[in-house]
Amino acid sequence: MHKTARKIVVALSLLCLLVLTACQSGEKGESEKVTSEKKVKVVNIMETSGIPNASPTLADNSVSFRVINQIFEGLYRLDKNGKPALALAASEPEEKDGGKTLIFKIREDAKWSNGDPVTAQDFEYAWKKVVDPKTAAAYGPQMEEIVKNATPILKGEMSPDELGIKALDEKTLQIELENPVPIFKELLTTGTFFPQNQAFVEKQGDRYGTKSVTLISNGPYKLENWNGTNMTWDYVKNPTYWDGKNVTTEKIHVTVVKDTNAALNLYNTNKLDRVELDGEFVKQYKDDKNFHKDATGRSVYMKMNQGKNGVKTDLANLNLRRGLAMAIDKTGMVNTLLANGSIALNGNVPGNIMFDPETKEDFRKQNGDLLKYDQQEATNAWKQGLKEVGKSELTLTLTSGDTSLQRKQTEFIQNQLEKNLPGLTIKLKNITNQASFQADVTQDFELLLGGWGGDYQDPLTYLNLFLTNSPGNHTGFSNAKYDELVLGAKGKLSVDSEKRWQALLEAEQILLKDNAVLIPLYQGGRAYLQKSNLKNYTTYPIGSENYKWIEKN
């Protein structure tokens, strides 16, 4: 062969070899990429509302607190069994002064997602911000009568700097209480008591917690791809979380779905791993191998606006409120409309969760039915109320969220009230859940469908909302005796568990039996389909869901 020709052949051979190697290399790279992607299993879940706010200080609704529970953490976190377990606290506190002073050590390996250490100062800053009247924190009163000086600070009578919390050094936190409180450890698992990184929060200003880029995390996940208004977002594993070895899921994708049928379509096409059911869907899927049903501690009720800023409404009349509160067939609502394990509730505090510390009797059984369905009594009270306000008819607007279930509920309530109360017209105002939360906060409603899931397993978490001027009240209700009993249960009565319990029983009777502040409807149940390969989706009867251990096989 000619020398030149031989060179050409060798060159072509080398070129082919290079091309073949490159092709093989490219194919291998794609294969590795696919394999890598397969390892990152995404859990797909749903919400029924966008996120109103993700600031632990300003949060005032269940959706916000659910988000906060995944991306933040306090001294304790609920374990899989719903018991407070050490989290950012390195060990149980040293107790002084008969349990009124607690000294915690913060974990050395606790970090924020930007790499900053979590310090005792982060707790001191956050708690003082919560009780500062300038902040107007929705759940600042959680600390009232519990943390030293919280009550006068919230009233503007003392500086926030005098709150009973102090960073003794970078990792040592001292907390002073008004009295030893039996529920304090449970309180520390809730968002109001979480730390905040002062430098980051103050740099963000009013933007803090309004979108994912204005947040840093110290919990199992970071919040990503949330611009403040969008209806999808992601929880992404936080690489700086101290217990990252027990967080096995890299990403949880959340989609807002308001219609149960639409949610089922997503579930059946493998775009959702879990979906909650109601009504006819429960009956349709109750025999499915992935169907589950359990009870919750959510108390669902309607609020009645008695007036604000000194201006009363017709609903300031007790007989009108009593008529409304007894005119709805709750059993029909839960058995037919919901069918998800919910049960009719004739009080504010739900049943089978909280028990007398001495007799072990259920709170709900002890206090009995305070406002139950009674068509005749409802009609009589209503007619008397109309006479007292000088009217023969009344039109009221019922505000609620706009999910398919909420629309069905309000239509059912409308039918019941108009049928049983002569002269009453109910107009329905279905708005987004975010707008409904806001209407509650601003008391911009006449009737409002809402409820409360509670933060900890004690009747106080339900009754604390209706203290005079409490951020959770928004009804116009104010009663000195009620305040005395509830504040006593938070403070001085904490040393006598049975007296404290009796005070809470009496407070609920004042709220409903004597004053008909709410229209109790039902204790929520939960019926759902969950893919068999989704594990450790942790829920509690009371408290926000916990995604820390969630995994998808």
# chains A, B, ... in the order shown; residues from 1 in each chain; ligands from 1
call {"tool": "select_by_dssp", "arguments": {"residues": "region 263-409 of chain A", "states": "alpha helix (DSSP H)", "output": "MDAnalysis selection string"}}
result
chainID A and resid 263:268 280:285 318:325 330:332 363:367 375:389 404:409
call {"tool": "closest_atom_pairs", "arguments": {"of": "region 89-147 of chain A", "to": "region 234-247 of chain A", "cutoff": "8 Å", "atoms": "only C-alpha atoms", "output": "JSON lines"}}
result
{"residue": "A:Asp109", "atom": "CA", "partner": "A:Trp242", "partner_atom": "CA", "distance": 5.7}
{"residue": "A:Ala110", "atom": "CA", "partner": "A:Trp242", "partner_atom": "CA", "distance": 5.4}
{"residue": "A:Lys111", "atom": "CA", "partner": "A:Thr240", "partner_atom": "CA", "distance": 6.0}
{"residue": "A:Trp112", "atom": "CA", "partner": "A:Thr240", "partner_atom": "CA", "distance": 6.7}
{"residue": "A:Ser113", "atom": "CA", "partner": "A:Thr240", "partner_atom": "CA", "distance": 5.6}
{"residue": "A:Gly115", "atom": "CA", "partner": "A:Thr240", "partner_atom": "CA", "distance": 6.9}
call {"tool": "atom_distance", "arguments": {"atom1": "CA of Phe291 (chain A)", "atom2": "CA of Asn268 (chain A)"}}
result
13.2 Å
call {"tool": "residues_around", "arguments": {"residues": "region 196-199 of chain A", "least_positions_apart": "2", "cutoff": "9 Å", "atoms": "only C-alpha atoms", "output": "CSV table (one decimal) with all heavy atoms, in the first residue's frame"}}
result
chain,number,residue,atom,x,y,z
A,56,PRO,N,-43.2,32.5,60.3
A,56,PRO,CA,-43.7,31.9,61.6
A,56,PRO,C,-44.4,33.0,62.5
A,56,PRO,O,-45.3,32.7,63.3
A,56,PRO,CB,-42.5,31.4,62.2
A,56,PRO,CG,-41.6,31.1,61.1
A,56,PRO,CD,-41.8,32.2,60.1
A,112,TRP,N,-28.8,27.1,59.7
A,112,TRP,CA,-29.7,27.6,58.7
A,112,TRP,C,-29.3,27.2,57.3
A,112,TRP,O,-28.1,26.8,57.1
A,112,TRP,CB,-29.8,29.2,58.8
A,112,TRP,CG,-30.4,29.7,60.0
A,112,TRP,CD1,-29.7,30.1,61.2
A,112,TRP,CD2,-31.8,29.8,60.4
A,112,TRP,NE1,-30.6,30.5,62.1
A,112,TRP,CE2,-31.9,30.3,61.7
A,112,TRP,CE3,-32.9,29.5,59.7
A,112,TRP,CZ2,-33.1,30.5,62.3
A,112,TRP,CZ3,-34.1,29.7,60.3
A,112,TRP,CH2,-34.2,30.2,61.6
A,116,ASP,N,-25.4,29.7,58.3
A,116,ASP,CA,-25.3,30.3,59.6
A,116,ASP,C,-25.7,29.3,60.7
A,116,ASP,O,-26.6,28.5,60.5
A,116,ASP,CB,-26.2,31.5,59.7
A,116,ASP,CG,-25.8,32.7,58.9
A,116,ASP,OD1,-24.7,32.7,58.3
A,116,ASP,OD2,-26.6,33.7,58.8
A,118,VAL,N,-27.6,28.1,64.0
A,118,VAL,CA,-28.8,28.5,64.7
A,118,VAL,C,-28.4,28.7,66.2
A,118,VAL,O,-27.7,27.9,66.8
A,118,VAL,CB,-29.9,27.3,64.7
A,118,VAL,CG1,-31.1,27.7,65.6
A,118,VAL,CG2,-30.3,27.0,63.3
A,119,THR,N,-28.7,29.9,66.7
A,119,THR,CA,-28.2,30.3,68.0
A,119,THR,C,-29.3,30.6,68.9
A,119,THR,O,-30.5,30.7,68.5
A,119,THR,CB,-27.4,31.6,67.8
A,119,THR,OG1,-28.2,32.7,67.5
A,119,THR,CG2,-26.2,31.5,66.8
A,121,GLN,N,-29.7,33.3,70.4
A,121,GLN,CA,-30.2,34.7,70.0
A,121,GLN,C,-31.3,34.6,69.0
A,121,GLN,O,-32.2,35.5,69.0
A,121,GLN,CB,-29.0,35.5,69.5
A,121,GLN,CG,-29.3,36.9,68.9
A,121,GLN,CD,-30.0,37.8,69.9
A,121,GLN,OE1,-29.8,37.7,71.1
A,121,GLN,NE2,-30.9,38.6,69.4
A,122,ASP,N,-31.3,33.6,68.1
A,122,ASP,CA,-32.3,33.5,67.1
A,122,ASP,C,-33.7,33.3,67.8
A,122,ASP,O,-34.7,33.8,67.3
A,122,ASP,CB,-32.0,32.3,66.1
A,122,ASP,CG,-30.8,32.6,65.3
A,122,ASP,OD1,-30.5,33.7,65.0
A,122,ASP,OD2,-30.2,31.6,64.8
A,123,PHE,N,-33.7,32.5,68.9
A,123,PHE,CA,-34.9,32.3,69.6
A,123,PHE,C,-35.3,33.6,70.3
A,123,PHE,O,-36.5,34.0,70.3
A,123,PHE,CB,-34.7,31.2,70.6
A,123,PHE,CG,-34.8,29.8,70.0
A,123,PHE,CD1,-33.6,29.2,69.6
A,123,PHE,CD2,-36.0,29.1,69.9
A,123,PHE,CE1,-33.6,27.9,69.0
A,123,PHE,CE2,-36.0,27.9,69.3
A,123,PHE,CZ,-34.9,27.2,68.9
A,124,GLU,N,-34.4,34.2,71.0
A,124,GLU,CA,-34.7,35.5,71.7
A,124,GLU,C,-35.3,36.5,70.8
A,124,GLU,O,-36.3,37.1,71.1
A,124,GLU,CB,-33.4,36.0,72.4
A,124,GLU,CG,-33.7,37.3,73.2
A,124,GLU,CD,-32.5,37.8,73.9
A,124,GLU,OE1,-31.5,37.1,74.1
A,124,GLU,OE2,-32.5,39.0,74.3
A,125,TYR,N,-34.6,36.7,69.6
A,125,TYR,CA,-35.1,37.7,68.6
A,125,TYR,C,-36.6,37.3,68.2
A,125,TYR,O,-37.4,38.2,68.1
A,125,TYR,CB,-34.2,37.7,67.4
A,125,TYR,CG,-34.7,38.4,66.2
A,125,TYR,CD1,-34.8,39.8,66.2
A,125,TYR,CD2,-35.2,37.8,65.1
A,125,TYR,CE1,-35.4,40.5,65.1
A,125,TYR,CE2,-35.7,38.4,64.0
A,125,TYR,CZ,-35.8,39.8,64.0
A,125,TYR,OH,-36.3,40.5,63.0
A,126,ALA,N,-36.8,36.1,67.8
A,126,ALA,CA,-38.1,35.6,67.3
A,126,ALA,C,-39.2,35.8,68.3
A,126,ALA,O,-40.3,36.3,68.0
A,126,ALA,CB,-38.0,34.2,66.8
A,127,TRP,N,-39.0,35.4,69.6
A,127,TRP,CA,-40.0,35.4,70.6
A,127,TRP,C,-40.4,36.9,70.9
A,127,TRP,O,-41.5,37.2,71.1
A,127,TRP,CB,-39.6,34.7,71.8
A,127,TRP,CG,-39.6,33.2,71.7
A,127,TRP,CD1,-39.4,32.5,70.5
A,127,TRP,CD2,-39.7,32.2,72.7
A,127,TRP,NE1,-39.4,31.1,70.7
A,127,TRP,CE2,-39.5,30.9,72.1
A,127,TRP,CE3,-39.8,32.3,74.1
A,127,TRP,CZ2,-39.6,29.8,72.8
A,127,TRP,CZ3,-39.9,31.1,74.8
A,127,TRP,CH2,-39.8,29.9,74.2
A,194,PHE,N,-40.8,29.1,67.0
A,194,PHE,CA,-39.6,28.8,66.3
A,194,PHE,C,-38.6,30.0,66.2
A,194,PHE,O,-39.1,31.1,66.4
A,194,PHE,CB,-40.0,28.4,64.8
A,194,PHE,CG,-40.7,27.1,64.7
A,194,PHE,CD1,-41.2,26.6,63.5
A,194,PHE,CD2,-40.8,26.2,65.8
A,194,PHE,CE1,-41.9,25.4,63.4
A,194,PHE,CE2,-41.5,25.0,65.7
A,194,PHE,CZ,-42.0,24.6,64.5
A,201,VAL,N,-33.8,38.2,58.3
A,201,VAL,CA,-35.2,38.7,58.4
A,201,VAL,C,-35.2,40.2,58.2
A,201,VAL,O,-36.0,40.7,57.4
A,201,VAL,CB,-35.9,38.3,59.7
A,201,VAL,CG1,-37.2,39.0,59.9
A,201,VAL,CG2,-36.1,36.8,59.8
A,202,GLU,N,-34.3,40.9,58.8
A,202,GLU,CA,-34.3,42.3,58.7
A,202,GLU,C,-33.8,42.8,57.4
A,202,GLU,O,-34.3,43.9,56.9
A,202,GLU,CB,-33.5,42.9,59.8
A,202,GLU,CG,-34.1,42.7,61.2
A,202,GLU,CD,-33.4,43.3,62.4
A,202,GLU,OE1,-32.2,43.7,62.2
A,202,GLU,OE2,-33.9,43.3,63.5
A,203,LYS,N,-33.0,42.0,56.7
A,203,LYS,CA,-32.6,42.4,55.3
A,203,LYS,C,-33.8,42.3,54.4
A,203,LYS,O,-33.9,43.1,53.5
A,203,LYS,CB,-31.5,41.4,54.9
A,203,LYS,CG,-30.9,41.7,53.5
A,203,LYS,CD,-29.8,40.8,53.1
A,203,LYS,CE,-29.3,41.1,51.7
A,203,LYS,NZ,-28.2,40.2,51.3
A,204,GLN,N,-34.6,41.3,54.6
A,204,GLN,CA,-35.8,41.1,53.7
A,204,GLN,C,-36.9,42.1,54.0
A,204,GLN,O,-37.7,42.4,53.1
A,204,GLN,CB,-36.3,39.7,53.9
A,204,GLN,CG,-35.4,38.6,53.5
A,204,GLN,CD,-34.9,38.7,52.1
A,204,GLN,OE1,-35.6,39.0,51.2
A,204,GLN,NE2,-33.6,38.4,51.8
A,216,ILE,N,-35.1,31.6,54.5
A,216,ILE,CA,-34.1,30.5,54.7
A,216,ILE,C,-34.7,29.5,55.8
A,216,ILE,O,-35.6,29.9,56.5
A,216,ILE,CB,-32.7,31.1,55.2
A,216,ILE,CG1,-32.9,31.9,56.5
A,216,ILE,CG2,-32.0,31.8,54.1
A,216,ILE,CD1,-31.6,32.3,57.1
call {"tool": "closest_residue", "arguments": {"among": "A:Thr269, A:Ser299, A:Asn346, A:Asn433", "to": "Tyr373 (chain A)", "atoms": "only C-alpha atoms"}}
result
A:Asn346
call {"tool": "atom_distance", "arguments": {"atom1": "CA of Leu424 (chain A)", "atom2": "CA of Leu396 (chain A)"}}
result
7.6 Å
call {"tool": "select_by_dssp", "arguments": {"residues": "region 183-331 of chain A", "states": "strand (DSSP E)", "output": "MDAnalysis selection string"}}
result
chainID A and resid 221:224 232:237 251:256 274:277 291:304 307:308 311:312
call {"tool": "residues_around", "arguments": {"residues": "Arg298 (chain A)", "least_positions_apart": "6", "cutoff": "6 Å", "atoms": "only C-alpha atoms", "output": "list in words"}}
result
Trp452, Gly453, Gln523 and Gly524 of chain A
call {"tool": "write_last_selection", "arguments": {"atoms": "all heavy atoms", "output": "mmCIF file, in the first residue's frame"}}
result
data_model
loop_
_atom_site.group_PDB
_atom_site.id
_atom_site.type_symbol
_atom_site.label_atom_id
_atom_site.label_comp_id
_atom_site.auth_asym_id
_atom_site.auth_seq_id
_atom_site.Cartn_x
_atom_site.Cartn_y
_atom_site.Cartn_z
ATOM 1 N N TRP A 452 -60.882 25.092 63.292
ATOM 2 C CA TRP A 452 -59.564 25.132 63.909
ATOM 3 C C TRP A 452 -59.094 23.714 64.177
ATOM 4 O O TRP A 452 -59.827 22.902 64.726
ATOM 5 C CB TRP A 452 -59.640 25.933 65.212
ATOM 6 C CG TRP A 452 -58.325 26.124 65.899
ATOM 7 C CD1 TRP A 452 -57.960 25.637 67.117
ATOM 8 C CD2 TRP A 452 -57.200 26.859 65.413
ATOM 9 N NE1 TRP A 452 -56.673 26.012 67.414
ATOM 10 C CE2 TRP A 452 -56.177 26.773 66.385
ATOM 11 C CE3 TRP A 452 -56.946 27.575 64.237
ATOM 12 C CZ2 TRP A 452 -54.933 27.376 66.224
ATOM 13 C CZ3 TRP A 452 -55.704 28.180 64.071
ATOM 14 C CH2 TRP A 452 -54.724 28.079 65.061
ATOM 15 N N GLY A 453 -57.864 23.430 63.775
ATOM 16 C CA GLY A 453 -57.318 22.099 63.965
ATOM 17 C C GLY A 453 -56.530 21.929 65.237
ATOM 18 O O GLY A 453 -56.153 20.822 65.593
ATOM 19 N N GLN A 523 -66.755 17.476 63.921
ATOM 20 C CA GLN A 523 -65.355 17.146 64.147
ATOM 21 C C GLN A 523 -64.871 16.430 62.901
ATOM 22 O O GLN A 523 -65.431 15.409 62.498
ATOM 23 C CB GLN A 523 -65.199 16.252 65.377
ATOM 24 C CG GLN A 523 -63.771 15.812 65.649
ATOM 25 C CD GLN A 523 -63.650 15.027 66.946
ATOM 26 O OE1 GLN A 523 -64.529 15.069 67.804
ATOM 27 N NE2 GLN A 523 -62.550 14.308 67.102
ATOM 28 N N GLY A 524 -63.857 16.960 62.279
ATOM 29 C CA GLY A 524 -63.433 16.479 60.979
ATOM 30 C C GLY A 524 -62.887 15.072 60.980
ATOM 31 O O GLY A 524 -62.198 14.636 61.908
#
call {"tool": "atom_distance", "arguments": {"atom1": "CA of Ala325 (chain A)", "atom2": "CA of Gln457 (chain A)"}}
result
25.9 Å
call {"tool": "closest_residue", "arguments": {"among": "A:Ala54, A:Ile183, A:Leu487, A:Leu78", "to": "Thr538 (chain A)", "atoms": "only C-alpha atoms"}}
result
A:Leu78
call {"tool": "residues_around", "arguments": {"residues": "Lys155 (chain A)", "least_positions_apart": "3", "cutoff": "12 Å", "atoms": "only C-alpha atoms", "output": "MDAnalysis selection string"}}
result
chainID A and resid 131:134 136 140:141 144:145 149:152 158:160 468:470
call {"tool": "residues_around", "arguments": {"residues": "Val42 (chain A)", "least_positions_apart": "4", "cutoff": "10 Å", "atoms": "only C-alpha atoms", "output": "list in words"}}
result
Glu37, Lys38, Asp234, Tyr235, Val236, Thr249, Glu250, Lys251, Ile252, His253, Asp273, Glu551 and Lys552 of chain A
call {"tool": "write_last_selection", "arguments": {"atoms": "all heavy atoms", "output": "short mmCIF file (atom, residue, chain, number, x, y, z; two decimals), in the first residue's frame"}}
result
data_model
loop_
_atom_site.label_atom_id
_atom_site.label_comp_id
_atom_site.auth_asym_id
_atom_site.auth_seq_id
_atom_site.Cartn_x
_atom_site.Cartn_y
_atom_site.Cartn_z
N GLU A 37 -31.49 10.27 37.72
CA GLU A 37 -32.81 10.87 37.86
C GLU A 37 -33.78 9.90 38.53
O GLU A 37 -34.63 10.29 39.31
CB GLU A 37 -33.35 11.28 36.49
CG GLU A 37 -32.68 12.55 35.96
CD GLU A 37 -33.18 12.93 34.59
OE1 GLU A 37 -33.93 12.12 34.00
OE2 GLU A 37 -32.81 14.00 34.11
N LYS A 38 -33.61 8.61 38.24
CA LYS A 38 -34.50 7.62 38.85
C LYS A 38 -34.32 7.57 40.36
O LYS A 38 -35.24 7.27 41.09
CB LYS A 38 -34.24 6.24 38.23
CG LYS A 38 -34.83 6.07 36.83
CD LYS A 38 -34.55 4.69 36.30
CE LYS A 38 -35.16 4.53 34.91
NZ LYS A 38 -34.84 3.21 34.32
N ASP A 234 -42.39 23.52 45.75
CA ASP A 234 -41.62 22.32 46.09
C ASP A 234 -40.99 22.44 47.47
O ASP A 234 -40.55 23.52 47.88
CB ASP A 234 -40.48 22.10 45.07
CG ASP A 234 -41.00 21.86 43.67
OD1 ASP A 234 -41.86 20.98 43.52
OD2 ASP A 234 -40.54 22.55 42.74
N TYR A 235 -40.95 21.31 48.17
CA TYR A 235 -40.11 21.17 49.34
C TYR A 235 -38.89 20.38 48.89
O TYR A 235 -39.02 19.26 48.37
CB TYR A 235 -40.82 20.39 50.45
CG TYR A 235 -42.08 21.06 50.97
CD1 TYR A 235 -43.33 20.47 50.76
CD2 TYR A 235 -42.02 22.25 51.68
CE1 TYR A 235 -44.49 21.06 51.25
CE2 TYR A 235 -43.17 22.85 52.17
CZ TYR A 235 -44.41 22.25 51.95
OH TYR A 235 -45.53 22.84 52.42
N VAL A 236 -37.70 20.95 49.07
CA VAL A 236 -36.46 20.31 48.65
C VAL A 236 -35.61 20.05 49.89
O VAL A 236 -35.49 20.92 50.76
CB VAL A 236 -35.70 21.19 47.64
CG1 VAL A 236 -34.37 20.55 47.26
CG2 VAL A 236 -36.56 21.42 46.39
N THR A 249 -36.33 11.72 51.38
CA THR A 249 -36.93 12.24 50.15
C THR A 249 -36.28 13.54 49.74
O THR A 249 -36.19 14.48 50.54
CB THR A 249 -38.45 12.44 50.34
OG1 THR A 249 -39.06 11.16 50.52
CG2 THR A 249 -39.07 13.13 49.14
N GLU A 250 -35.82 13.59 48.49
CA GLU A 250 -35.13 14.78 48.00
C GLU A 250 -36.09 15.91 47.63
O GLU A 250 -35.76 17.08 47.75
CB GLU A 250 -34.29 14.42 46.77
CG GLU A 250 -33.13 13.48 47.05
CD GLU A 250 -32.02 14.13 47.86
OE1 GLU A 250 -31.91 15.37 47.81
OE2 GLU A 250 -31.28 13.40 48.54
N LYS A 251 -37.31 15.54 47.20
CA LYS A 251 -38.22 16.58 46.72
C LYS A 251 -39.67 16.16 46.89
O LYS A 251 -40.04 15.02 46.60
CB LYS A 251 -37.93 16.86 45.23
CG LYS A 251 -38.80 17.93 44.59
CD LYS A 251 -38.36 18.14 43.14
CE LYS A 251 -39.25 19.10 42.39
NZ LYS A 251 -38.84 19.28 40.99
N ILE A 252 -40.48 17.10 47.37
CA ILE A 252 -41.93 16.93 47.47
C ILE A 252 -42.56 18.03 46.63
O ILE A 252 -42.33 19.22 46.90
CB ILE A 252 -42.41 17.03 48.93
CG1 ILE A 252 -41.71 15.99 49.81
CG2 ILE A 252 -43.93 16.86 49.00
CD1 ILE A 252 -41.95 16.20 51.29
N HIS A 253 -43.34 17.64 45.64
CA HIS A 253 -44.00 18.62 44.77
C HIS A 253 -45.45 18.78 45.20
O HIS A 253 -46.17 17.79 45.37
CB HIS A 253 -43.94 18.18 43.32
CG HIS A 253 -44.56 19.16 42.36
ND1 HIS A 253 -44.04 20.42 42.13
CD2 HIS A 253 -45.69 19.08 41.61
CE1 HIS A 253 -44.80 21.05 41.26
NE2 HIS A 253 -45.82 20.27 40.94
N ASP A 273 -49.80 11.32 44.70
CA ASP A 273 -49.60 10.08 45.46
C ASP A 273 -50.61 9.93 46.59
O ASP A 273 -50.68 8.88 47.22
CB ASP A 273 -48.18 10.06 46.05
CG ASP A 273 -47.12 10.01 44.97
OD1 ASP A 273 -47.26 9.17 44.05
OD2 ASP A 273 -46.16 10.81 45.01
N GLU A 551 -41.38 8.98 52.47
CA GLU A 551 -40.55 8.34 51.46
C GLU A 551 -41.43 7.60 50.45
O GLU A 551 -42.55 7.21 50.73
CB GLU A 551 -39.55 7.38 52.09
CG GLU A 551 -40.14 6.28 52.93
CD GLU A 551 -39.07 5.41 53.57
OE1 GLU A 551 -38.08 5.09 52.89
OE2 GLU A 551 -39.24 5.04 54.74
N LYS A 552 -40.87 7.45 49.28
CA LYS A 552 -41.59 6.80 48.18
C LYS A 552 -40.71 5.69 47.64
O LYS A 552 -39.60 5.94 47.17
CB LYS A 552 -41.90 7.84 47.10
CG LYS A 552 -42.79 7.36 45.98
CD LYS A 552 -43.10 8.56 45.09
CE LYS A 552 -43.92 8.19 43.88
NZ LYS A 552 -44.21 9.37 43.04
#
call {"tool": "residues_around", "arguments": {"residues": "Lys490 (chain A)", "least_positions_apart": "4", "cutoff": "7 Å", "atoms": "only C-alpha atoms", "output": "ChimeraX atom specification"}}
result
/A:145-146,486,494
call {"tool": "write_last_selection", "arguments": {"atoms": "all heavy atoms", "output": "short mmCIF file (atom, residue, chain, number, x, y, z; two decimals), in the first residue's frame"}}
result
data_model
loop_
_atom_site.label_atom_id
_atom_site.label_comp_id
_atom_site.auth_asym_id
_atom_site.auth_seq_id
_atom_site.Cartn_x
_atom_site.Cartn_y
_atom_site.Cartn_z
N GLU A 145 -49.64 34.88 79.58
CA GLU A 145 -49.76 34.20 80.87
C GLU A 145 -48.87 32.97 80.98
O GLU A 145 -48.97 32.23 81.95
CB GLU A 145 -51.22 33.81 81.16
CG GLU A 145 -52.15 34.99 81.36
CD GLU A 145 -51.77 35.84 82.56
OE1 GLU A 145 -51.58 35.28 83.64
OE2 GLU A 145 -51.64 37.07 82.39
N ILE A 146 -48.02 32.73 80.00
CA ILE A 146 -47.12 31.57 80.03
C ILE A 146 -45.67 32.02 80.14
O ILE A 146 -45.00 31.75 81.13
CB ILE A 146 -47.34 30.68 78.78
CG1 ILE A 146 -48.75 30.05 78.84
CG2 ILE A 146 -46.27 29.60 78.68
CD1 ILE A 146 -49.11 29.20 77.65
N VAL A 486 -59.95 31.22 81.09
CA VAL A 486 -58.97 30.77 80.10
C VAL A 486 -57.57 31.24 80.46
O VAL A 486 -56.60 30.46 80.39
CB VAL A 486 -59.38 31.23 78.69
CG1 VAL A 486 -58.30 30.86 77.68
CG2 VAL A 486 -60.71 30.60 78.28
N SER A 494 -52.31 26.44 86.44
CA SER A 494 -51.46 25.37 85.92
C SER A 494 -50.91 24.48 87.03
O SER A 494 -50.55 23.33 86.78
CB SER A 494 -50.30 25.97 85.12
OG SER A 494 -50.79 26.57 83.94
#
call {"tool": "closest_residue", "arguments": {"among": "A:Lys387, A:Arg66, A:Ile519, A:Ser55", "to": "Gly205 (chain A)", "atoms": "only C-alpha atoms"}}
result
A:Ser55
call {"tool": "decode", "arguments": {"residues": "region 230-251 of chain A", "atoms": "C-alpha atoms", "output": "PDB file, in the first residue's frame"}}
result
ATOM      1  CA  ASN A 230     -48.484  30.434  42.250  1.00  0.00           C
ATOM      2  CA  MET A 231     -50.445  27.263  42.862  1.00  0.00           C
ATOM      3  CA  THR A 232     -47.484  24.857  42.882  1.00  0.00           C
ATOM      4  CA  TRP A 233     -44.313  24.728  44.954  1.00  0.00           C
ATOM      5  CA  ASP A 234     -41.616  22.322  46.090  1.00  0.00           C
ATOM      6  CA  TYR A 235     -40.110  21.166  49.343  1.00  0.00           C
ATOM      7  CA  VAL A 236     -36.460  20.306  48.648  1.00  0.00           C
ATOM      8  CA  LYS A 237     -34.260  18.508  51.158  1.00  0.00           C
ATOM      9  CA  ASN A 238     -32.256  20.974  53.234  1.00  0.00           C
ATOM     10  CA  PRO A 239     -28.563  19.943  52.970  1.00  0.00           C
ATOM     11  CA  THR A 240     -27.652  21.746  56.207  1.00  0.00           C
ATOM     12  CA  TYR A 241     -30.340  20.105  58.380  1.00  0.00           C
ATOM     13  CA  TRP A 242     -28.789  18.492  61.460  1.00  0.00           C
ATOM     14  CA  ASP A 243     -30.784  15.247  61.075  1.00  0.00           C
ATOM     15  CA  GLY A 244     -30.518  14.981  57.301  1.00  0.00           C
ATOM     16  CA  LYS A 245     -29.692  11.269  57.471  1.00  0.00           C
ATOM     17  CA  ASN A 246     -33.333  10.633  58.438  1.00  0.00           C
ATOM     18  CA  VAL A 247     -34.736  12.745  55.589  1.00  0.00           C
ATOM     19  CA  THR A 248     -34.803  10.319  52.668  1.00  0.00           C
ATOM     20  CA  THR A 249     -36.932  12.237  50.153  1.00  0.00           C
ATOM     21  CA  GLU A 250     -35.126  14.784  48.001  1.00  0.00           C
ATOM     22  CA  LYS A 251     -38.220  16.578  46.716  1.00  0.00           C
TER      23      LYS A 251
END
